[in-house]
Each structure stands twice: as C-alpha cells, then as structure tokens.
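Asks: Below is the file work_36.cif, with mmCIF, C-alpha atoms.
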data_target
#
loop_
_atom_site.group_PDB
_atom_site.id
_atom_site.type_symbol
_atom_site.label_atom_id
_atom_site.label_comp_id
_atom_site.auth_asym_id
_atom_site.auth_seq_id
_atom_site.Cartn_x
_atom_site.Cartn_y
_atom_site.Cartn_z
ATOM 1 C CA ALA A 1 12.519 4.716 -58.723
ATOM 2 C CA LYS A 2 14.087 1.902 -56.800
ATOM 3 C CA ARG A 3 13.983 2.504 -53.065
ATOM 4 C CA LYS A 4 17.299 2.589 -51.261
ATOM 5 C CA MET A 5 17.841 -0.331 -48.880
ATOM 6 C CA LEU A 6 17.010 0.733 -45.338
ATOM 7 C CA SER A 7 19.790 0.341 -42.789
ATOM 8 C CA TYR A 8 19.458 0.569 -39.000
ATOM 9 C CA ALA A 9 22.409 0.665 -36.599
ATOM 10 C CA GLY A 10 24.704 -0.467 -39.377
ATOM 11 C CA GLU A 11 22.595 -3.449 -40.427
ATOM 12 C CA ALA A 12 20.350 -3.881 -43.453
ATOM 13 C CA VAL A 13 16.659 -4.014 -42.579
ATOM 14 C CA PRO A 14 14.782 -6.793 -44.415
ATOM 15 C CA PRO A 15 11.910 -5.450 -46.525
ATOM 16 C CA PRO A 16 8.354 -6.534 -45.676
ATOM 17 C CA SER A 17 7.440 -9.964 -46.940
ATOM 18 C CA GLY A 18 4.426 -10.705 -49.069
ATOM 19 C CA ASN A 19 2.419 -11.450 -45.935
ATOM 20 C CA VAL A 20 2.525 -8.354 -43.769
ATOM 21 C CA TYR A 21 -0.431 -9.585 -41.715
ATOM 22 C CA ALA A 22 1.488 -12.696 -40.660
ATOM 23 C CA GLU A 23 4.490 -10.598 -39.657
ATOM 24 C CA ALA A 24 2.252 -8.259 -37.645
ATOM 25 C CA PHE A 25 0.589 -11.275 -36.021
ATOM 26 C CA ALA A 26 3.982 -12.654 -34.981
ATOM 27 C CA PHE A 27 4.893 -9.250 -33.511
ATOM 28 C CA ARG A 28 1.669 -9.048 -31.512
ATOM 29 C CA MET A 29 2.145 -12.547 -30.142
ATOM 30 C CA LEU A 30 5.742 -11.742 -29.124
ATOM 31 C CA VAL A 31 4.596 -8.591 -27.322
ATOM 32 C CA ARG A 32 1.773 -10.462 -25.639
ATOM 33 C CA HIS A 33 4.126 -13.207 -24.476
ATOM 34 C CA LEU A 34 6.654 -10.742 -23.053
ATOM 35 C CA GLN A 35 3.848 -9.023 -21.152
ATOM 36 C CA LYS A 36 2.609 -12.336 -19.737
ATOM 37 C CA VAL A 37 6.057 -13.389 -18.463
ATOM 38 C CA SER A 38 6.997 -10.043 -16.897
ATOM 39 C CA SER A 39 7.330 -11.595 -13.438
ATOM 40 C CA GLN A 40 9.324 -14.596 -14.691
ATOM 41 C CA ALA A 41 11.644 -13.047 -17.288
ATOM 42 C CA SER A 42 13.224 -9.678 -16.518
ATOM 43 C CA ASN A 43 14.799 -7.537 -19.212
ATOM 44 C CA ILE A 44 18.303 -8.550 -18.166
ATOM 45 C CA ASP A 45 17.282 -12.235 -18.389
ATOM 46 C CA VAL A 46 15.946 -11.752 -21.908
ATOM 47 C CA MET A 47 19.072 -9.798 -22.891
ATOM 48 C CA GLY A 48 21.316 -12.563 -21.630
ATOM 49 C CA ALA A 49 19.378 -15.189 -23.547
ATOM 50 C CA ALA A 50 18.473 -13.411 -26.784
ATOM 51 C CA GLY A 51 20.627 -10.278 -26.935
ATOM 52 C CA MET A 52 17.523 -8.074 -26.963
ATOM 53 C CA CYS A 53 14.823 -7.085 -24.492
ATOM 54 C CA ARG A 54 11.523 -5.244 -24.243
ATOM 55 C CA ASN A 55 13.318 -1.905 -24.564
ATOM 56 C CA CYS A 56 14.912 -3.084 -27.801
ATOM 57 C CA LEU A 57 11.483 -3.975 -29.126
ATOM 58 C CA ALA A 58 10.173 -0.545 -28.119
ATOM 59 C CA LYS A 59 13.094 1.148 -29.900
ATOM 60 C CA TRP A 60 12.494 -0.877 -33.064
ATOM 61 C CA TYR A 61 8.777 -0.116 -32.887
ATOM 62 C CA HIS A 62 9.556 3.580 -32.422
ATOM 63 C CA ALA A 63 12.010 3.532 -35.329
ATOM 64 C CA GLY A 64 9.370 1.922 -37.512
ATOM 65 C CA THR A 65 6.902 4.685 -36.736
ATOM 66 C CA VAL A 66 9.544 7.329 -37.464
ATOM 67 C CA ALA A 67 10.416 5.701 -40.781
ATOM 68 C CA SER A 68 6.743 5.623 -41.779
ATOM 69 C CA GLY A 69 6.139 9.257 -40.854
ATOM 70 C CA GLN A 70 3.918 8.647 -37.815
ATOM 71 C CA GLU A 71 3.935 10.979 -34.823
ATOM 72 C CA VAL A 72 4.530 8.423 -32.080
ATOM 73 C CA SER A 73 6.753 9.181 -29.102
ATOM 74 C CA TYR A 74 9.238 6.775 -27.539
ATOM 75 C CA GLU A 75 7.152 6.863 -24.344
ATOM 76 C CA GLU A 76 4.153 5.696 -26.352
ATOM 77 C CA ALA A 77 6.228 2.971 -28.009
ATOM 78 C CA CYS A 78 7.309 1.713 -24.572
ATOM 79 C CA GLU A 79 3.715 1.683 -23.386
ATOM 80 C CA ARG A 80 2.722 -0.336 -26.466
ATOM 81 C CA ILE A 81 5.345 -2.991 -25.689
ATOM 82 C CA TYR A 82 5.018 -3.086 -21.897
ATOM 83 C CA GLY A 83 1.232 -2.749 -21.877
ATOM 84 C CA GLU A 84 1.500 0.048 -19.297
ATOM 85 C CA PRO A 85 3.739 3.044 -18.604
ATOM 86 C CA TYR A 86 7.361 1.958 -18.363
ATOM 87 C CA GLY A 87 7.766 3.447 -14.899
ATOM 88 C CA SER A 88 4.795 1.464 -13.593
ATOM 89 C CA TRP A 89 6.186 -1.751 -15.050
ATOM 90 C CA LYS A 90 9.563 -1.154 -13.385
ATOM 91 C CA LYS A 91 7.991 -0.584 -9.982
ATOM 92 C CA THR A 92 6.056 -3.833 -10.222
ATOM 93 C CA TYR A 93 8.458 -6.227 -11.910
ATOM 94 C CA GLN A 94 12.043 -4.969 -11.922
ATOM 95 C CA LYS A 95 14.268 -6.307 -9.170
ATOM 96 C CA PRO A 96 17.963 -5.633 -8.498
ATOM 97 C CA ALA A 97 20.123 -7.726 -10.787
ATOM 98 C CA THR A 98 21.858 -10.731 -9.253
ATOM 99 C CA GLU A 99 25.535 -11.493 -9.729
ATOM 100 C CA ASP A 100 24.659 -14.350 -12.083
ATOM 101 C CA GLN A 101 22.436 -12.086 -14.199
ATOM 102 C CA LEU A 102 25.117 -9.408 -14.440
ATOM 103 C CA ALA A 103 27.763 -11.992 -15.337
ATOM 104 C CA ARG A 104 25.572 -13.388 -18.097
ATOM 105 C CA PHE A 105 24.860 -9.869 -19.353
ATOM 106 C CA GLU A 106 28.565 -9.041 -19.556
ATOM 107 C CA ALA A 107 29.401 -12.366 -21.215
ATOM 108 C CA THR A 108 26.894 -11.778 -24.015
ATOM 109 C CA LYS A 109 27.547 -8.076 -24.680
ATOM 110 C CA ASP A 110 29.235 -8.712 -28.022
ATOM 111 C CA TRP A 111 26.001 -9.829 -29.600
ATOM 112 C CA HIS A 112 23.553 -7.470 -27.903
ATOM 113 C CA ALA A 113 21.249 -5.506 -30.188
ATOM 114 C CA ARG A 114 22.402 -2.029 -31.136
ATOM 115 C CA HIS A 115 20.291 1.059 -31.744
ATOM 116 C CA GLU A 116 20.464 4.399 -33.476
ATOM 117 C CA LYS A 117 21.234 7.352 -31.210
ATOM 118 C CA ASP A 118 19.504 9.934 -33.412
ATOM 119 C CA LEU A 119 16.372 8.775 -35.202
ATOM 120 C CA ALA A 120 15.851 12.125 -36.912
ATOM 121 C CA ALA A 121 19.299 11.879 -38.429
ATOM 122 C CA TRP A 122 18.720 8.223 -39.193
ATOM 123 C CA LYS A 123 15.541 9.076 -41.060
ATOM 124 C CA SER A 124 17.534 11.512 -43.173
ATOM 125 C CA ARG A 125 19.969 8.655 -43.941
ATOM 126 C CA LEU A 126 22.834 10.382 -42.183
ATOM 127 C CA SER A 127 25.668 8.320 -40.773
ATOM 128 C CA VAL A 128 25.145 8.015 -37.025
ATOM 129 C CA ALA A 129 26.761 5.891 -34.364
ATOM 130 C CA ALA A 130 24.981 2.957 -32.791
ATOM 131 C CA ASP A 131 24.200 2.756 -29.120
ATOM 132 C CA PRO A 132 24.355 -0.655 -27.427
ATOM 133 C CA CYS A 133 21.250 -1.809 -25.609
ATOM 134 C CA CYS A 134 19.955 -1.802 -23.000
ATOM 135 C CA TYR A 135 20.549 -2.582 -19.371
ATOM 136 C CA VAL A 136 22.002 0.727 -18.261
ATOM 137 C CA GLU A 137 18.581 2.323 -18.542
ATOM 138 C CA ASP A 138 17.065 -0.610 -16.678
ATOM 139 C CA ASP A 139 19.569 -0.469 -13.827
ATOM 140 C CA ASP A 140 17.953 0.461 -10.522
ATOM 141 C CA GLU A 141 21.187 2.146 -9.434
ATOM 142 C CA ASN A 142 21.253 4.444 -12.456
ATOM 143 C CA PRO A 143 17.704 4.740 -13.795
ATOM 144 C CA ARG A 144 17.103 6.733 -16.953
ATOM 145 C CA GLU A 145 13.521 5.894 -17.636
ATOM 146 C CA PRO A 146 11.734 8.003 -20.252
ATOM 147 C CA SER A 147 9.710 10.945 -19.055
ATOM 148 C CA LEU A 148 6.005 10.202 -19.111
ATOM 149 C CA SER A 149 4.970 13.849 -18.949
ATOM 150 C CA PRO A 150 4.429 14.498 -22.691
ATOM 151 C CA PRO A 151 0.924 13.496 -23.816
ATOM 152 C CA LEU A 152 0.559 10.474 -26.023
ATOM 153 C CA SER A 153 -0.124 11.179 -29.662
ATOM 154 C CA SER A 154 -3.630 11.006 -31.040
ATOM 155 C CA SER A 155 -2.829 7.694 -32.758
ATOM 156 C CA ALA A 156 -2.804 5.793 -29.462
ATOM 157 C CA LEU A 157 -5.927 3.772 -28.712
ATOM 158 C CA ARG A 158 -6.518 4.066 -24.977
ATOM 159 C CA ILE A 159 -9.077 1.788 -23.350
ATOM 160 C CA GLY A 160 -10.238 1.676 -19.740
ATOM 161 C CA VAL A 161 -11.569 -1.623 -18.379
ATOM 162 C CA LEU A 162 -13.602 -1.246 -15.186
ATOM 163 C CA THR A 163 -14.715 -4.278 -13.174
ATOM 164 C CA VAL A 164 -17.584 -3.534 -10.801
ATOM 165 C CA SER A 165 -17.863 -6.118 -8.049
ATOM 166 C CA ASP A 166 -18.085 -5.993 -4.259
ATOM 167 C CA ARG A 167 -16.305 -9.329 -3.826
ATOM 168 C CA ALA A 168 -13.613 -8.831 -6.469
ATOM 169 C CA SER A 169 -12.773 -5.390 -5.086
ATOM 170 C CA THR A 170 -12.056 -6.895 -1.656
ATOM 171 C CA GLY A 171 -10.169 -9.915 -2.999
ATOM 172 C CA ALA A 172 -12.892 -12.369 -1.983
ATOM 173 C CA TYR A 173 -12.597 -13.882 -5.434
ATOM 174 C CA GLU A 174 -10.415 -13.346 -8.479
ATOM 175 C CA ASP A 175 -11.649 -11.026 -11.182
ATOM 176 C CA GLN A 176 -11.825 -13.049 -14.398
ATOM 177 C CA SER A 177 -14.020 -10.967 -16.675
ATOM 178 C CA GLY A 178 -11.811 -7.857 -16.503
ATOM 179 C CA PRO A 179 -8.573 -9.620 -17.546
ATOM 180 C CA ALA A 180 -10.455 -11.348 -20.395
ATOM 181 C CA VAL A 181 -11.568 -7.954 -21.722
ATOM 182 C CA VAL A 182 -8.031 -6.582 -21.307
ATOM 183 C CA GLU A 183 -6.531 -9.459 -23.279
ATOM 184 C CA GLU A 184 -8.949 -8.915 -26.145
ATOM 185 C CA ALA A 185 -8.312 -5.151 -26.143
ATOM 186 C CA ARG A 186 -4.555 -5.659 -26.336
ATOM 187 C CA ASN A 187 -5.024 -7.871 -29.384
ATOM 188 C CA TYR A 188 -5.993 -4.622 -31.121
ATOM 189 C CA GLY A 189 -2.859 -2.839 -29.915
ATOM 190 C CA ALA A 190 -4.645 -0.806 -27.243
ATOM 191 C CA ILE A 191 -3.000 0.753 -24.202
ATOM 192 C CA VAL A 192 -5.173 -0.424 -21.325
ATOM 193 C CA SER A 193 -5.874 0.940 -17.855
ATOM 194 C CA THR A 194 -7.878 -1.100 -15.361
ATOM 195 C CA ALA A 195 -9.615 -0.713 -12.047
ATOM 196 C CA VAL A 196 -11.769 -2.890 -9.801
ATOM 197 C CA VAL A 197 -14.346 -1.041 -7.683
ATOM 198 C CA PRO A 198 -17.227 -2.138 -5.444
ATOM 199 C CA ASP A 199 -20.858 -1.749 -6.463
ATOM 200 C CA GLU A 200 -20.923 1.826 -5.234
ATOM 201 C CA ARG A 201 -22.372 4.345 -7.644
ATOM 202 C CA ASP A 202 -20.097 7.196 -6.510
ATOM 203 C CA GLU A 203 -16.933 5.146 -7.091
ATOM 204 C CA ILE A 204 -18.110 3.966 -10.499
ATOM 205 C CA GLU A 205 -18.936 7.530 -11.558
ATOM 206 C CA ARG A 206 -15.588 8.895 -10.299
ATOM 207 C CA THR A 207 -13.594 6.301 -12.223
ATOM 208 C CA LEU A 208 -15.569 6.784 -15.440
ATOM 209 C CA THR A 209 -15.223 10.563 -15.200
ATOM 210 C CA THR A 210 -11.481 10.363 -14.519
ATOM 211 C CA TRP A 211 -10.884 8.124 -17.512
ATOM 212 C CA ALA A 212 -13.003 10.297 -19.807
ATOM 213 C CA ASP A 213 -11.110 13.399 -18.692
ATOM 214 C CA ASP A 214 -7.811 11.572 -19.198
ATOM 215 C CA ALA A 215 -8.711 10.996 -22.864
ATOM 216 C CA CYS A 216 -9.604 7.326 -22.852
ATOM 217 C CA ASN A 217 -11.050 6.586 -26.291
ATOM 218 C CA LEU A 218 -13.247 3.811 -24.949
ATOM 219 C CA VAL A 219 -14.280 2.619 -21.493
ATOM 220 C CA LEU A 220 -15.652 -0.900 -21.030
ATOM 221 C CA THR A 221 -17.362 -1.952 -17.807
ATOM 222 C CA THR A 222 -18.062 -5.477 -16.624
ATOM 223 C CA GLY A 223 -20.265 -6.422 -13.697
ATOM 224 C CA GLY A 224 -23.081 -4.703 -11.859
ATOM 225 C CA THR A 225 -25.692 -5.241 -14.574
ATOM 226 C CA GLY A 226 -28.112 -7.614 -12.840
ATOM 227 C CA PHE A 227 -31.371 -6.806 -11.055
ATOM 228 C CA GLY A 228 -30.062 -6.695 -7.493
ATOM 229 C CA PRO A 229 -30.309 -3.499 -5.472
ATOM 230 C CA ARG A 230 -26.529 -2.929 -5.776
ATOM 231 C CA ASP A 231 -26.380 -3.507 -9.548
ATOM 232 C CA VAL A 232 -26.027 0.147 -10.499
ATOM 233 C CA THR A 233 -23.397 0.172 -13.281
ATOM 234 C CA PRO A 234 -25.819 1.219 -16.080
ATOM 235 C CA GLU A 235 -27.270 4.001 -13.943
ATOM 236 C CA ALA A 236 -23.818 5.268 -12.962
ATOM 237 C CA THR A 237 -22.731 5.201 -16.607
ATOM 238 C CA GLN A 238 -25.719 7.204 -17.775
ATOM 239 C CA ALA A 239 -25.192 9.732 -14.990
ATOM 240 C CA VAL A 240 -21.753 10.789 -16.257
ATOM 241 C CA THR A 241 -22.345 10.563 -20.012
ATOM 242 C CA THR A 242 -24.105 12.972 -22.339
ATOM 243 C CA LYS A 243 -25.762 10.903 -25.038
ATOM 244 C CA HIS A 244 -27.243 7.418 -24.892
ATOM 245 C CA ALA A 245 -26.254 5.111 -27.782
ATOM 246 C CA PRO A 246 -28.655 2.134 -27.759
ATOM 247 C CA GLY A 247 -27.524 0.925 -31.172
ATOM 248 C CA ILE A 248 -24.091 -0.021 -29.843
ATOM 249 C CA ILE A 249 -25.465 -2.167 -27.053
ATOM 250 C CA SER A 250 -27.870 -3.788 -29.517
ATOM 251 C CA ILE A 251 -24.832 -5.076 -31.415
ATOM 252 C CA VAL A 252 -23.420 -6.441 -28.144
ATOM 253 C CA HIS A 253 -26.697 -8.238 -27.437
ATOM 254 C CA ALA A 254 -26.780 -9.711 -30.939
ATOM 255 C CA ALA A 255 -23.230 -11.011 -30.619
ATOM 256 C CA ALA A 256 -24.009 -12.560 -27.236
ATOM 257 C CA LEU A 257 -27.161 -14.264 -28.511
ATOM 258 C CA ALA A 258 -25.220 -15.706 -31.450
ATOM 259 C CA ASP A 259 -22.967 -17.553 -29.000
ATOM 260 C CA LEU A 260 -25.062 -20.010 -27.018
ATOM 261 C CA SER A 261 -22.217 -20.462 -24.519
ATOM 262 C CA ALA A 262 -22.435 -16.789 -23.498
ATOM 263 C CA ALA A 263 -25.031 -15.113 -21.350
ATOM 264 C CA SER A 264 -26.771 -12.103 -22.829
ATOM 265 C CA PRO A 265 -26.486 -8.953 -20.675
ATOM 266 C CA SER A 266 -29.690 -8.473 -18.731
ATOM 267 C CA SER A 267 -29.235 -4.772 -18.013
ATOM 268 C CA SER A 268 -26.728 -2.783 -20.035
ATOM 269 C CA SER A 269 -25.969 0.650 -21.380
ATOM 270 C CA SER A 270 -23.790 2.374 -23.965
ATOM 271 C CA SER A 271 -23.257 6.115 -24.123
ATOM 272 C CA SER A 272 -20.955 8.858 -25.351
ATOM 273 C CA SER A 273 -19.195 11.153 -22.921
ATOM 274 C CA GLY A 274 -19.171 14.059 -25.369
ATOM 275 C CA SER A 275 -16.327 16.542 -25.024
ATOM 276 C CA ASN A 276 -13.783 16.089 -22.263
ATOM 277 C CA LYS A 277 -14.028 19.645 -20.976
ATOM 278 C CA ARG A 278 -15.556 18.923 -17.590
ATOM 279 C CA GLU A 279 -13.707 20.076 -14.506
ATOM 280 C CA LYS A 280 -11.535 17.196 -13.360
ATOM 281 C CA LYS A 281 -12.298 15.726 -9.979
ATOM 282 C CA ALA A 282 -9.451 15.082 -7.537
ATOM 283 C CA THR A 283 -9.481 11.280 -7.660
ATOM 284 C CA PRO A 284 -6.527 8.887 -7.515
ATOM 285 C CA PRO A 285 -5.560 7.386 -10.890
ATOM 286 C CA PRO A 286 -6.864 3.858 -11.562
ATOM 287 C CA GLN A 287 -4.434 0.987 -11.178
ATOM 288 C CA GLN A 288 -2.603 -0.204 -14.277
ATOM 289 C CA GLN A 289 -3.081 -3.741 -15.502
ATOM 290 C CA GLN A 290 -0.156 -5.920 -14.390
#
Please express what this file holds, its structure, as structure tokens.
Replies:
Amino acid sequence: AKRKMLSYAGEAVPPPSGNVYAEAFAFRMLVRHLQKVSSQASNIDVMGAAGMCRNCLAKWYHAGTVASGQEVSYEEACERIYGEPYGSWKKTYQKPATEDQLARFEATKDWHARHEKDLAAWKSRLSVAADPCCYVEDDDENPREPSLSPPLSSSALRIGVLTVSDRASTGAYEDQSGPAVVEEARNYGAIVSTAVVPDERDEIERTLTTWADDACNLVLTTGGTGFGPRDVTPEATQAVTTKHAPGIISIVHAAALADLSAASPSSSSSSSSGSNKREKKATPPPQQQQ
C-alpha cells in the first residue's frame, strides 16, 4: 500500500532521499557546528537569522523518533543536540537578550519554524495546532526548560571521558587529549560527560565509580599511563572494575601501532564494571563538556 505523505505542523515532510547516510552526515555536521559556536551564536541569534534554533532541531529530532516508534524523550533529544543537558547549556551560554536581538526576533516571527503541540496525536495523524518556536522557553525571565528528572531511555549511548593529569587539572596547561576523545565520541551520536582530575588514585576511582553507577555505557580515560610514580590510572581502573578485558586493549594497541604518527600506550587497561548495583558514593557530579 502506498504510504500517506507525512505532514508536520501543517507542512509536508520530504521523504528520505536515496542517500540516507549523506543526509545523516549533514545532520551530524550541523549539530556539531551548533555545539562548537554555542558561545558565539545564541538561540535567539540563530532564530533571527534562520528562523530556527537548537530547540527546533531537538523538536524535529524528537518527532522523528516518535514517528519511527523509538522510545526517546524530549529531554534526551535536547541532550543529543546540545551535547549536554539543556539546563547546563543554558547556565553556561545563555545571556539576557539585548534590545537588538529581541527586535530582530520580533521582525522575523512570520517565518519562524512551527512545531506540533501533541506528538502523540500527530503520530495518529490527528489534526493538531502548531506551536511557534522557540524563544519563550529560552527566555531567562520566563524559563520553561524541560525537566531532567526522568531517566534517559536505554537507546542513549552515554560516554564518560576522564582526563587524568596534575597540570591539566590545575590549569597549568590546556587539556587537548580529552576534547579530542569527546569530539570523536560525538561523531557517533554519544552523550558525553567529562572530568579532569589530578593523578590521585582516590579521585580517579571516585569518578569512575560515579559514572558507572550513573549508567555510563563506556568510560574512556586519557593520561596517567606512563611509568612515573604518579601514573596510577590503570591501577585505579582495575580497582573499581570486576573483570579485566585484555582483548579490548590489544585492539587499541594494534590501531596505535598501525599509525606511525601515534604513540602506543605504554601502560593501559580495559575492564568491565559488571552490574551497577554498588552503593553509590556521595561524590559531586563530573563537569559537563562545554
């Protein structure tokens, strides 16, 4: 049977092209770019220039998951687009709108993106009104940010990236390896948490345990793998995990040796944390990647 044309907020949705990978690649690059320019281009700036913003993209992403039958929450969709919880992004990047920004926003309202109010009804092809996007929920004077209390669905890939370095933790030099790992992880659509800690075994173990208990699917550490007396990352990792997995690190070594421009890890470890049923320790949450 011929599928009925999909319509969203009163507009026909183009069907996928013959090259879905290319479309997905373009989406990932757009998301990556919007994350990189968070400090330069606020949502109200993007709305005034393009009639859509990061929230619009999150709503479209969420609608796409609903249409395809996936159990993905709007909070999770926002985290996919922003690269961190929406509330954290707002605290870091959102500033009060200037008069010029508000004037531009008002002047372009006629062509702002519009969104379905009721996705469940929309999925059932019921006639629903469209809700204009998006600044009211970005307004510091009237915030309506989504609640982050519901857990993310099991489809979310959550990765923790831990940099272990005395000097980077104090700001003596800029951490470069951690952000490189984060960028690669986000190319796979992961939601990433990061932290930078000194070469202190207790701090490394606390962070790894917290992330495991908070349902990180994968934790990647960088630093602290040399032969110095304070290089204790492998030992700390093994102390809080339940089963050593040498085969995984063998693949890492092989990949490093295949690239002559890369240094092979001199002391490394890979392990499984087993079930996440340990008693949680009272530790502050790791910082989110900005």
Asks: In Å, how far is it from atom CA of A:Tyr188 to atom CA of A:Thr242?
Replies: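 Atom-to-atom, atom CA of A:Tyr188 to atom CA of A:Thr242, that is 26.7 Å.
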Asks: Using only C-alpha atoms, find all polymer residues with an atom at most 9 Å away from the point (-28.4, -3.5, -14.4); report them as a count of residues only.
Replies: 17
Asks: Can you translate the PyMOL selection byres ((chain A and resi 246) around 8) into the concrete residues it hits in this file, as a PyMOL selection string?
Replies: chain A and resi 244-245+247-250+269-271
Asks: To one decimal place in Å, what is the distance between atom CA of A:Gln35 and atom CA of A:Tyr82?
Replies: 6.1 Å
Asks: When you count only C-alpha atoms, which of these residues is closest to A:Ala77: A:Met29, A:His115, A:Val164, A:Ile191?
Replies: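 When distances to A:Ala77 are compared using only C-alpha atoms, the smallest one comes from A:Ile191.
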Asks: To one decimal place, how far is atom CA of A:Arg167 from atom CA of A:Val240 in Å?
Replies: 24.3 Å
Asks: Place all heavy atoms on stretch 198-207 of chain A and deliver the coordinates as a compact mmCIF listing (two decimals), in the coordinates of the input.
Replies:
# COMPACT_ATOMS: atom_id res chain seq x y z
N PRO A 198 -16.01 -1.51 -5.96
CA PRO A 198 -17.23 -2.14 -5.44
C PRO A 198 -18.47 -1.58 -6.13
O PRO A 198 -18.39 -0.60 -6.90
CB PRO A 198 -17.21 -1.77 -3.96
CG PRO A 198 -16.43 -0.50 -3.89
CD PRO A 198 -15.38 -0.60 -4.98
N ASP A 199 -19.60 -2.20 -5.87
CA ASP A 199 -20.86 -1.75 -6.46
C ASP A 199 -21.36 -0.50 -5.76
O ASP A 199 -22.45 -0.48 -5.16
CB ASP A 199 -21.90 -2.87 -6.38
CG ASP A 199 -21.54 -4.06 -7.24
OD1 ASP A 199 -21.86 -4.06 -8.43
OD2 ASP A 199 -20.93 -5.01 -6.70
N GLU A 200 -20.57 0.54 -5.82
CA GLU A 200 -20.92 1.83 -5.23
C GLU A 200 -21.00 2.84 -6.36
O GLU A 200 -20.03 3.08 -7.08
CB GLU A 200 -19.88 2.27 -4.20
CG GLU A 200 -19.77 1.36 -2.99
CD GLU A 200 -20.97 1.50 -2.06
OE1 GLU A 200 -21.77 2.45 -2.27
OE2 GLU A 200 -21.10 0.68 -1.14
N ARG A 201 -22.15 3.45 -6.50
CA ARG A 201 -22.37 4.34 -7.64
C ARG A 201 -21.37 5.48 -7.69
O ARG A 201 -20.85 5.84 -8.76
CB ARG A 201 -23.81 4.90 -7.59
CG ARG A 201 -24.16 5.79 -8.74
CD ARG A 201 -25.64 5.97 -8.88
NE ARG A 201 -25.96 6.97 -9.88
CZ ARG A 201 -27.17 7.18 -10.37
NH1 ARG A 201 -28.19 6.46 -9.94
NH2 ARG A 201 -27.36 8.11 -11.29
N ASP A 202 -21.04 6.07 -6.53
CA ASP A 202 -20.10 7.20 -6.51
C ASP A 202 -18.73 6.78 -7.04
O ASP A 202 -18.09 7.53 -7.80
CB ASP A 202 -19.96 7.75 -5.09
CG ASP A 202 -21.19 8.53 -4.65
OD1 ASP A 202 -22.02 8.85 -5.52
OD2 ASP A 202 -21.31 8.80 -3.45
N GLU A 203 -18.26 5.60 -6.64
CA GLU A 203 -16.93 5.15 -7.09
C GLU A 203 -16.93 4.84 -8.58
O GLU A 203 -15.96 5.11 -9.29
CB GLU A 203 -16.50 3.93 -6.28
CG GLU A 203 -16.21 4.23 -4.82
CD GLU A 203 -15.36 3.15 -4.18
OE1 GLU A 203 -14.42 2.66 -4.85
OE2 GLU A 203 -15.63 2.81 -3.02
N ILE A 204 -18.01 4.25 -9.06
CA ILE A 204 -18.11 3.97 -10.50
C ILE A 204 -18.08 5.27 -11.29
O ILE A 204 -17.33 5.41 -12.26
CB ILE A 204 -19.41 3.19 -10.81
CG1 ILE A 204 -19.43 1.86 -10.08
CG2 ILE A 204 -19.54 2.97 -12.32
CD1 ILE A 204 -20.78 1.16 -10.14
N GLU A 205 -18.87 6.26 -10.85
CA GLU A 205 -18.94 7.53 -11.56
C GLU A 205 -17.59 8.25 -11.53
O GLU A 205 -17.16 8.83 -12.54
CB GLU A 205 -20.02 8.41 -10.94
CG GLU A 205 -21.43 7.89 -11.18
CD GLU A 205 -22.49 8.79 -10.57
OE1 GLU A 205 -22.13 9.91 -10.14
OE2 GLU A 205 -23.66 8.39 -10.52
N ARG A 206 -16.89 8.22 -10.38
CA ARG A 206 -15.59 8.90 -10.30
C ARG A 206 -14.59 8.29 -11.27
O ARG A 206 -13.84 9.00 -11.94
CB ARG A 206 -15.05 8.82 -8.87
CG ARG A 206 -15.60 9.88 -7.94
CD ARG A 206 -14.73 10.02 -6.69
NE ARG A 206 -14.68 8.78 -5.92
CZ ARG A 206 -15.54 8.48 -4.95
NH1 ARG A 206 -16.50 9.33 -4.63
NH2 ARG A 206 -15.42 7.36 -4.28
N THR A 207 -14.55 6.95 -11.34
CA THR A 207 -13.59 6.30 -12.22
C THR A 207 -13.91 6.60 -13.68
O THR A 207 -13.01 6.91 -14.48
CB THR A 207 -13.59 4.78 -11.99
OG1 THR A 207 -13.33 4.52 -10.61
CG2 THR A 207 -12.52 4.11 -12.83
